[in-house]
Every structure is written in structure tokens, then in C-alpha cells.
Amino acid sequence: QVQLVESGGGLVQAGKSLRLTCAASGSTLRFDSMGWYRQAPGKRRDVVASIGTSGSTHYADSVKGRFTISRDTAKNIMFLQMNSLKPEDTAVYYCNRFPVPYGDWGQGTQVTVSS
């Protein structure tokens with residue numbers, strides 16, 4: 001059973017940065033394409049960044065140029081570096097397999113960006 005634990009969220013002012021971390025157990029990240037997803041209040045959960053098994057990355061237009069996804073396969077962890085944060089980035093952020101998530105989601109980490 002895969003367990004995903006997200007951390008690193010917080011309350012920041014617009015323009016600042018945060019780095020999120022995803023720790024996985026029960027699975028090896030290098031064998032799966034992974035993604036960072038986010039869900040704002042009243043909205044659906046959407047992927048914002050993904051990384052393939054080859055290391056190729058893709059980003060939603062809304063975060064392109066500001067967010068960077070990466071992973072450390074030796075430690076089985078994944079990161080999302082978020083720069084130039086905007087109030088519209090406020091959401092709960094989750095990590096999971098992409099494009100087909102594992103059945104279980106972690107608790108997510110709250111990111112709140114004040115204007």
C-alpha cells in the first residue's frame with residue numbers, strides 16, 4: 001500500500017517562495033510518473049506539475065516559469081519549488097502518481113498566499 005506524505009506548506013506573502021516535499025513509502029517514485037496536484041476551496045483537484053520516469057517535466061500554464069518539480073529517487077522523495085507565489089496559488093497541494101493516481105491520497109499541505 002502506497003503512503004504519501006506532503007509537507008512544506010504555509011502562509012506566505014505574494015511574491016515569496018515555498019518548497020513542498022512529498023515522501024513516498026510502499027512505492028518507488030522512479031518507477032512511476034508523478035505529479036503535484038492542488039485543490040482550492042470549491043474547485044476540483046487539478047495537476048499543476050508532473051515528472052515522468054525519464055525526468056521529463058510538464059506544467060500547467062498557470063504555474064509555468066514559476067514552479068519546478070523535481071525528485072530524489074535515492075531518497076524516494078519529490079519536490080515542488082514554488083516561486084513568485086500569487087494569491088490564486090492558494091490551495092491544498094497533494095502529490096500522487098500521474099496521470100492515474102494511486103487509490104489513496106495523502107493529507108495534503110495547505111499553501112496560503114496573501115496579497
# chains A, B, ... in the order shown; residues from 1 in each chain; ligands from 1

call {"tool": "select_by_dssp", "arguments": {"residues": "range 9-53 of chain A", "states": "strand (DSSP E or B)", "output": "PyMOL selection string"}}
result
chain A and resi 10-13+18-25+34-39+46-51

call {"tool": "residues_around", "arguments": {"residues": "Tyr102 in chain A", "least_positions_apart": "6", "cutoff": "12 Å", "atoms": "only C-alpha atoms", "output": "ChimeraX atom specification"}}
result
/A:1-4,24,26-27,29,32-35,94-96

call {"tool": "write_last_selection", "arguments": {"atoms": "N, CA, C and O atoms", "output": "compact mmCIF listing (two decimals), in the first residue's frame"}}
result
# COMPACT_ATOMS: atom_id res chain seq x y z
N GLN A 1 0.85 -1.19 0.00
CA GLN A 1 0.00 0.00 0.00
C GLN A 1 0.88 1.24 0.00
O GLN A 1 1.81 1.35 0.79
N VAL A 2 0.58 2.16 -0.90
CA VAL A 2 1.37 3.37 -1.02
C VAL A 2 0.91 4.40 0.00
O VAL A 2 -0.28 4.60 0.21
N GLN A 3 1.88 5.01 0.65
CA GLN A 3 1.57 6.11 1.56
C GLN A 3 2.32 7.34 1.08
O GLN A 3 3.53 7.29 0.82
N LEU A 4 1.61 8.44 0.98
CA LEU A 4 2.18 9.69 0.51
C LEU A 4 2.02 10.75 1.60
O LEU A 4 0.92 10.91 2.14
N ALA A 24 7.30 9.27 -0.14
CA ALA A 24 6.52 8.10 -0.53
C ALA A 24 7.07 6.85 0.13
O ALA A 24 8.28 6.66 0.24
N GLY A 26 6.11 2.46 0.27
CA GLY A 26 5.31 1.43 -0.36
C GLY A 26 5.36 1.48 -1.87
O GLY A 26 4.70 0.72 -2.55
N SER A 27 6.11 2.41 -2.41
CA SER A 27 6.27 2.53 -3.85
C SER A 27 7.59 3.21 -4.11
O SER A 27 8.12 3.91 -3.25
N LEU A 29 9.36 5.93 -6.41
CA LEU A 29 8.95 7.01 -7.30
C LEU A 29 9.58 6.90 -8.69
O LEU A 29 8.99 7.35 -9.66
N ASP A 32 7.38 5.33 -11.41
CA ASP A 32 6.09 5.91 -11.75
C ASP A 32 6.27 7.36 -12.15
O ASP A 32 7.10 8.07 -11.59
N SER A 33 5.45 7.80 -13.09
CA SER A 33 5.33 9.23 -13.33
C SER A 33 4.52 9.81 -12.17
O SER A 33 3.53 9.22 -11.74
N MET A 34 4.97 10.94 -11.69
CA MET A 34 4.34 11.53 -10.51
C MET A 34 3.91 12.96 -10.79
O MET A 34 4.43 13.61 -11.70
N GLY A 35 2.99 13.43 -10.00
CA GLY A 35 2.51 14.79 -10.18
C GLY A 35 2.22 15.47 -8.87
O GLY A 35 2.02 14.83 -7.84
N TYR A 94 -1.28 18.31 -3.13
CA TYR A 94 -1.12 16.87 -2.96
C TYR A 94 -0.12 16.33 -3.98
O TYR A 94 0.01 16.87 -5.08
N CYS A 95 0.51 15.24 -3.63
CA CYS A 95 1.31 14.51 -4.62
C CYS A 95 0.66 13.16 -4.85
O CYS A 95 -0.01 12.60 -3.97
N ASN A 96 0.84 12.65 -6.04
CA ASN A 96 0.31 11.34 -6.37
C ASN A 96 0.85 10.92 -7.73
O ASN A 96 1.48 11.69 -8.44

call {"tool": "residues_around", "arguments": {"residues": "Val111 in chain A", "least_positions_apart": "5", "cutoff": "10 Å", "atoms": "only C-alpha atoms", "output": "MDAnalysis selection string"}}
result
chainID A and resid 7:12 18 20 38 40 85 87 89:93

call {"tool": "residues_around", "arguments": {"residues": "range 70-82 of chain A", "least_positions_apart": "5", "cutoff": "8 Å", "atoms": "only C-alpha atoms", "output": "compact mmCIF listing (two decimals) with C-alpha atoms, in the first residue's frame"}}
result
# COMPACT_ATOMS: atom_id res chain seq x y z
CA SER A 17 8.65 31.13 -2.33
CA LEU A 18 7.89 27.76 -0.77
CA ARG A 19 9.24 24.28 -1.36
CA LEU A 20 6.90 21.35 -0.93
CA THR A 21 8.11 17.83 -0.24
CA CYS A 22 6.41 14.52 -0.96
CA ALA A 23 7.66 11.44 0.84
CA ALA A 24 6.52 8.10 -0.53
CA SER A 25 6.55 4.69 1.06
CA THR A 28 9.38 3.65 -5.67
CA LEU A 29 8.95 7.01 -7.30
CA ARG A 30 11.41 6.33 -10.09
CA TRP A 36 1.70 17.61 -7.86
CA ILE A 51 7.54 14.41 -13.85

call {"tool": "residues_around", "arguments": {"residues": "Asn83 in chain A", "least_positions_apart": "3", "cutoff": "9 Å", "atoms": "only C-alpha atoms", "output": "list of chain:residue names"}}
result
A:Gly15, A:Lys16, A:Ser17, A:Leu18, A:Arg19, A:Gly65, A:Arg66, A:Phe67, A:Thr68, A:Lys86

call {"tool": "closest_residue", "arguments": {"among": "A:Lys43, A:Gly52, A:Tyr37, A:Ala60", "to": "Thr109 in chain A", "atoms": "only C-alpha atoms"}}
result
A:Tyr37

call {"tool": "select_by_dssp", "arguments": {"residues": "chain A", "states": "helix (DSSP H, G or I)", "output": "ChimeraX atom specification"}}
result
/A:29-31,87-89

call {"tool": "write_last_selection", "arguments": {"atoms": "N, CA, C and O atoms", "output": "short mmCIF file (atom, residue, chain, number, x, y, z; two decimals), in the first residue's frame"}}
result
data_model
loop_
_atom_site.label_atom_id
_atom_site.label_comp_id
_atom_site.auth_asym_id
_atom_site.auth_seq_id
_atom_site.Cartn_x
_atom_site.Cartn_y
_atom_site.Cartn_z
N LEU A 29 9.36 5.93 -6.41
CA LEU A 29 8.95 7.01 -7.30
C LEU A 29 9.58 6.90 -8.69
O LEU A 29 8.99 7.35 -9.66
N ARG A 30 10.75 6.33 -8.77
CA ARG A 30 11.41 6.33 -10.09
C ARG A 30 10.71 5.40 -11.08
O ARG A 30 10.94 5.47 -12.27
N PHE A 31 9.82 4.54 -10.58
CA PHE A 31 9.12 3.63 -11.48
C PHE A 31 7.78 4.18 -11.95
O PHE A 31 7.10 3.56 -12.75
N PRO A 87 -1.75 34.99 -4.98
CA PRO A 87 -2.91 34.60 -4.16
C PRO A 87 -3.71 33.45 -4.79
O PRO A 87 -4.26 32.62 -4.08
N GLU A 88 -3.76 33.40 -6.11
CA GLU A 88 -4.51 32.33 -6.77
C GLU A 88 -3.83 30.97 -6.67
O GLU A 88 -4.40 29.96 -7.08
N ASP A 89 -2.62 30.92 -6.12
CA ASP A 89 -1.98 29.64 -5.85
C ASP A 89 -2.45 29.02 -4.53
O ASP A 89 -2.09 27.89 -4.20
#

call {"tool": "atom_distance", "arguments": {"atom1": "CA of Val113 in chain A", "atom2": "CA of Thr57 in chain A"}}
result
24.5 Å
